[in-house]
Amino acid sequence: MATTTAEAKKTSSTNVEDKQSQNLRHQEVGHKSLLQSDDLYQYILETSVYPREPESMKELREVTAKHPWNIMTTSADEGQFLNMLIKLVNAKNTMEIGVYTGYSLLATALALPEDGKILAMDVNRENYELGLPIIEKAGVAHKIDFREGPALPVLDQLVADEKNHGTYDFIFVDADKDNYINYHKRLIDLVKVGGVIGYDNTLWNGSVVAPPDAPMRKYVRYYRDFVLELNKALAADPRIEICMLPVGDGITICRRIS
């Protein structure tokens with residue numbers, strides 16, 4: 001049956017609305033990729049990430065997806081990146097600030113050698129215990145020293161003892177953005193020269209380039225200035241080399257050089 005002009009216009013209009021709807025979904029706060037195309041991001045996941053994702057990480061990712069705060073989890077492509085990075089730097093003694101259900105923690109634990117260690121800190125043990133059975137089943141729970149509570153007091157204790165200075169090979173921070181600067185002041189002493197610190201969410205949903213009056217969700221607006229402050233401070237810190245990557249919500253890799 002031939003398509004009428006009116007039907008063609010309606011179809012064209014529907015296609016435009018669908019594309020606009022997809023664009024809006026892509027721009028929603030919490031989208032785990034800053035790529036311009038959802039299809040391109042999905043291609044990366046289905047071609048490179050999911051086929052190589054360990055079964056335990058897949059299970060934990062699916063469990064976390066059902067949690068009401070699932071926006072807090074590390075994206076699958078970032079998990080893959082962290083896993084490879086840890087192997088590339090031959091990390092053995094590591095730290096993670098901000099655990100949630102443990103997806104990035106599991107990525108780290110799987111990458112470490114059998115005698116590798118992770119000091120993991122989070123204010124919520126309940127979330128961590130959601131993923132703990134999967135971590136235990138993966139056979140890597142013995143590598144994790146989990147501490148419930150704020151990280152700063154623990155870091156202050158570590159810094160106070162000079163024996164801890166320069167002992168960490170890799171540190172990943174995905175926690176309260178308003179304390180990132182405070183974390184960095186302490187972590188720079190604890191990571192070894194040549195070691196790596198990774199700060200997550202440094203592009204903060206793209207809000208770092210948004211006009212001040214742009215519409216943002218409250219939590220995005222609240223933390224935006226703290227993220228901007230961190231990015232400025234890291235760029236000016238002569239003790240580190242940095243590389244900001246558009247993986248997940250943005251991750252800045254810092255290599256201590258002095």
# chains A, B, ... in the order shown; residues from 1 in each chain; ligands from 1
$ closest_atom_pairs --of "stretch 47-136 of chain A" --to "stretch 154-172 of chain A" --cutoff "12 Å" --atoms "only C-alpha atoms" --output "JSON lines"
{"residue": "A:Thr74", "atom": "CA", "partner": "A:Phe172", "partner_atom": "CA", "distance": 11.3}
{"residue": "A:Glu78", "atom": "CA", "partner": "A:Phe172", "partner_atom": "CA", "distance": 11.7}
{"residue": "A:Gly79", "atom": "CA", "partner": "A:Phe172", "partner_atom": "CA", "distance": 11.3}
{"residue": "A:Leu82", "atom": "CA", "partner": "A:Phe172", "partner_atom": "CA", "distance": 8.9}
{"residue": "A:Asn83", "atom": "CA", "partner": "A:Phe170", "partner_atom": "CA", "distance": 11.3}
{"residue": "A:Leu85", "atom": "CA", "partner": "A:Phe170", "partner_atom": "CA", "distance": 9.3}
{"residue": "A:Ile86", "atom": "CA", "partner": "A:Phe170", "partner_atom": "CA", "distance": 7.2}
{"residue": "A:Lys87", "atom": "CA", "partner": "A:Phe170", "partner_atom": "CA", "distance": 10.4}
{"residue": "A:Leu88", "atom": "CA", "partner": "A:Phe170", "partner_atom": "CA", "distance": 10.9}
{"residue": "A:Val89", "atom": "CA", "partner": "A:Asp169", "partner_atom": "CA", "distance": 7.8}
{"residue": "A:Asn90", "atom": "CA", "partner": "A:Asp169", "partner_atom": "CA", "distance": 8.0}
{"residue": "A:Ala91", "atom": "CA", "partner": "A:Asp169", "partner_atom": "CA", "distance": 5.1}
{"residue": "A:Lys92", "atom": "CA", "partner": "A:Asp169", "partner_atom": "CA", "distance": 6.5}
{"residue": "A:Asn93", "atom": "CA", "partner": "A:Tyr168", "partner_atom": "CA", "distance": 5.2}
{"residue": "A:Thr94", "atom": "CA", "partner": "A:Phe170", "partner_atom": "CA", "distance": 4.8}
{"residue": "A:Met95", "atom": "CA", "partner": "A:Ile171", "partner_atom": "CA", "distance": 4.6}
{"residue": "A:Glu96", "atom": "CA", "partner": "A:Phe172", "partner_atom": "CA", "distance": 4.8}
{"residue": "A:Ile97", "atom": "CA", "partner": "A:Phe172", "partner_atom": "CA", "distance": 6.3}
{"residue": "A:Gly98", "atom": "CA", "partner": "A:Phe172", "partner_atom": "CA", "distance": 8.4}
{"residue": "A:Val99", "atom": "CA", "partner": "A:Phe172", "partner_atom": "CA", "distance": 9.7}
{"residue": "A:Ser104", "atom": "CA", "partner": "A:Phe172", "partner_atom": "CA", "distance": 8.8}
{"residue": "A:Leu105", "atom": "CA", "partner": "A:Phe172", "partner_atom": "CA", "distance": 9.1}
{"residue": "A:Ala107", "atom": "CA", "partner": "A:Phe172", "partner_atom": "CA", "distance": 11.4}
{"residue": "A:Thr108", "atom": "CA", "partner": "A:Phe172", "partner_atom": "CA", "distance": 9.4}
{"residue": "A:Ala109", "atom": "CA", "partner": "A:Phe170", "partner_atom": "CA", "distance": 11.9}
{"residue": "A:Ala111", "atom": "CA", "partner": "A:Phe170", "partner_atom": "CA", "distance": 11.7}
{"residue": "A:Leu112", "atom": "CA", "partner": "A:Phe170", "partner_atom": "CA", "distance": 10.6}
{"residue": "A:Gly116", "atom": "CA", "partner": "A:Asp169", "partner_atom": "CA", "distance": 10.5}
{"residue": "A:Lys117", "atom": "CA", "partner": "A:Tyr168", "partner_atom": "CA", "distance": 9.8}
{"residue": "A:Ile118", "atom": "CA", "partner": "A:Ile171", "partner_atom": "CA", "distance": 9.0}
{"residue": "A:Leu119", "atom": "CA", "partner": "A:Ile171", "partner_atom": "CA", "distance": 9.2}
{"residue": "A:Ala120", "atom": "CA", "partner": "A:Phe172", "partner_atom": "CA", "distance": 9.6}
{"residue": "A:Met121", "atom": "CA", "partner": "A:Val154", "partner_atom": "CA", "distance": 8.8}
{"residue": "A:Asp122", "atom": "CA", "partner": "A:Val154", "partner_atom": "CA", "distance": 11.1}
$ select_by_dssp --residues "stretch 74-214 of chain A" --states "alpha helix (DSSP H)" --output "number ranges by chain"
A: 76-88, 103-111, 125-137, 151-160, 180-190
$ closest_residue --among "A:Ile251, A:Ala76, A:Leu245, A:Val220" --to "A:Gly198" --atoms "only C-alpha atoms"
A:Ile251
$ atom_distance --atom1 "atom CA of A:Val140" --atom2 "atom CA of A:Lys177"
28.3 Å
$ residues_around --residues "A:Leu35" --least-positions-apart "4" --cutoff "9 Å" --atoms "only C-alpha atoms" --output "list in words"
His26, Leu40, Tyr41, Pro246 and Val247 of chain A
$ decode --residues "stretch 162-176 of chain A" --atoms "all heavy atoms" --output "CSV table (one decimal), in the first residue's frame"
chain,number,residue,atom,x,y,z
A,162,GLU,N,55.3,7.5,59.4
A,162,GLU,CA,56.1,7.7,58.2
A,162,GLU,C,56.4,6.4,57.5
A,162,GLU,O,56.8,6.3,56.3
A,162,GLU,CB,57.4,8.4,58.5
A,162,GLU,CG,57.2,9.9,58.9
A,162,GLU,CD,58.5,10.7,58.9
A,162,GLU,OE1,59.5,10.1,58.6
A,162,GLU,OE2,58.4,11.9,59.2
A,163,LYS,N,56.3,5.3,58.2
A,163,LYS,CA,56.5,4.0,57.6
A,163,LYS,C,55.5,3.7,56.5
A,163,LYS,O,55.8,2.9,55.6
A,163,LYS,CB,56.4,2.9,58.7
A,163,LYS,CG,57.5,2.9,59.7
A,163,LYS,CD,57.3,1.7,60.7
A,163,LYS,CE,58.4,1.8,61.8
A,163,LYS,NZ,58.2,0.7,62.8
A,164,ASN,N,54.3,4.4,56.5
A,164,ASN,CA,53.3,4.2,55.5
A,164,ASN,C,53.5,5.1,54.3
A,164,ASN,O,52.9,4.9,53.2
A,164,ASN,CB,51.9,4.5,56.1
A,164,ASN,CG,51.5,3.5,57.2
A,164,ASN,OD1,51.7,2.3,57.1
A,164,ASN,ND2,51.0,4.1,58.3
A,165,HIS,N,54.4,6.0,54.4
A,165,HIS,CA,54.6,6.9,53.3
A,165,HIS,C,55.2,6.2,52.1
A,165,HIS,O,56.2,5.4,52.2
A,165,HIS,CB,55.6,8.1,53.7
A,165,HIS,CG,54.9,9.0,54.7
A,165,HIS,ND1,55.4,10.3,54.9
A,165,HIS,CD2,53.8,8.9,55.5
A,165,HIS,CE1,54.6,10.9,55.8
A,165,HIS,NE2,53.7,10.1,56.1
A,166,GLY,N,54.7,6.4,50.9
A,166,GLY,CA,55.2,5.8,49.7
A,166,GLY,C,55.0,4.3,49.6
A,166,GLY,O,55.8,3.7,48.9
A,167,THR,N,54.0,3.8,50.3
A,167,THR,CA,53.9,2.3,50.3
A,167,THR,C,52.8,1.8,49.4
A,167,THR,O,52.6,0.6,49.2
A,167,THR,CB,53.6,1.8,51.7
A,167,THR,OG1,52.4,2.4,52.2
A,167,THR,CG2,54.8,2.1,52.6
A,168,TYR,N,51.9,2.7,48.9
A,168,TYR,CA,50.8,2.3,48.0
A,168,TYR,C,51.1,2.4,46.6
A,168,TYR,O,51.6,3.4,46.1
A,168,TYR,CB,49.5,3.1,48.4
A,168,TYR,CG,48.9,2.6,49.7
A,168,TYR,CD1,49.4,3.2,50.9
A,168,TYR,CD2,48.0,1.6,49.8
A,168,TYR,CE1,48.9,2.8,52.1
A,168,TYR,CE2,47.4,1.2,51.0
A,168,TYR,CZ,47.9,1.8,52.2
A,168,TYR,OH,47.4,1.4,53.4
A,169,ASP,N,50.8,1.3,45.8
A,169,ASP,CA,51.1,1.3,44.4
A,169,ASP,C,49.9,2.0,43.6
A,169,ASP,O,50.2,2.6,42.6
A,169,ASP,CB,51.2,-0.1,43.9
A,169,ASP,CG,52.3,-0.9,44.7
A,169,ASP,OD1,53.4,-0.4,44.8
A,169,ASP,OD2,51.9,-2.0,45.2
A,170,PHE,N,48.7,1.8,44.1
A,170,PHE,CA,47.5,2.3,43.4
A,170,PHE,C,46.4,2.6,44.4
A,170,PHE,O,46.2,1.9,45.3
A,170,PHE,CB,47.0,1.2,42.4
A,170,PHE,CG,45.8,1.6,41.7
A,170,PHE,CD1,45.8,2.4,40.6
A,170,PHE,CD2,44.5,1.1,42.1
A,170,PHE,CE1,44.7,2.7,39.9
A,170,PHE,CE2,43.4,1.5,41.5
A,170,PHE,CZ,43.4,2.3,40.4
A,171,ILE,N,45.8,3.8,44.1
A,171,ILE,CA,44.7,4.2,45.0
A,171,ILE,C,43.6,4.7,44.1
A,171,ILE,O,43.8,5.5,43.1
A,171,ILE,CB,45.1,5.4,45.9
A,171,ILE,CG1,46.3,4.9,46.8
A,171,ILE,CG2,44.0,5.9,46.7
A,171,ILE,CD1,46.9,6.0,47.6
A,172,PHE,N,42.3,4.3,44.4
A,172,PHE,CA,41.2,4.7,43.6
A,172,PHE,C,40.2,5.4,44.5
A,172,PHE,O,39.8,4.9,45.6
A,172,PHE,CB,40.5,3.5,42.9
A,172,PHE,CG,39.3,3.8,42.1
A,172,PHE,CD1,39.4,4.7,41.0
A,172,PHE,CD2,38.1,3.3,42.3
A,172,PHE,CE1,38.3,5.0,40.2
A,172,PHE,CE2,37.0,3.6,41.6
A,172,PHE,CZ,37.1,4.4,40.5
A,173,VAL,N,39.8,6.6,44.1
A,173,VAL,CA,38.9,7.4,44.9
A,173,VAL,C,37.6,7.7,44.1
A,173,VAL,O,37.6,8.2,43.1
A,173,VAL,CB,39.5,8.8,45.2
A,173,VAL,CG1,38.6,9.6,46.2
A,173,VAL,CG2,40.9,8.6,45.9
A,174,ASP,N,36.5,7.2,44.7
A,174,ASP,CA,35.1,7.4,44.2
A,174,ASP,C,34.2,7.6,45.3
A,174,ASP,O,33.4,6.7,45.7
A,174,ASP,CB,34.7,6.2,43.3
A,174,ASP,CG,33.4,6.4,42.7
A,174,ASP,OD1,32.8,7.5,42.7
A,174,ASP,OD2,32.8,5.4,42.2
A,175,ALA,N,34.3,8.7,46.0
A,175,ALA,CA,33.6,9.0,47.2
A,175,ALA,C,33.0,10.4,47.2
A,175,ALA,O,32.7,10.9,46.2
A,175,ALA,CB,34.5,8.7,48.4
A,176,ASP,N,32.9,11.0,48.4
A,176,ASP,CA,32.4,12.3,48.6
A,176,ASP,C,33.2,13.4,47.9
A,176,ASP,O,34.4,13.6,48.3
A,176,ASP,CB,32.1,12.7,50.1
A,176,ASP,CG,33.3,12.2,50.9
A,176,ASP,OD1,34.0,11.3,50.6
A,176,ASP,OD2,33.5,12.9,52.0
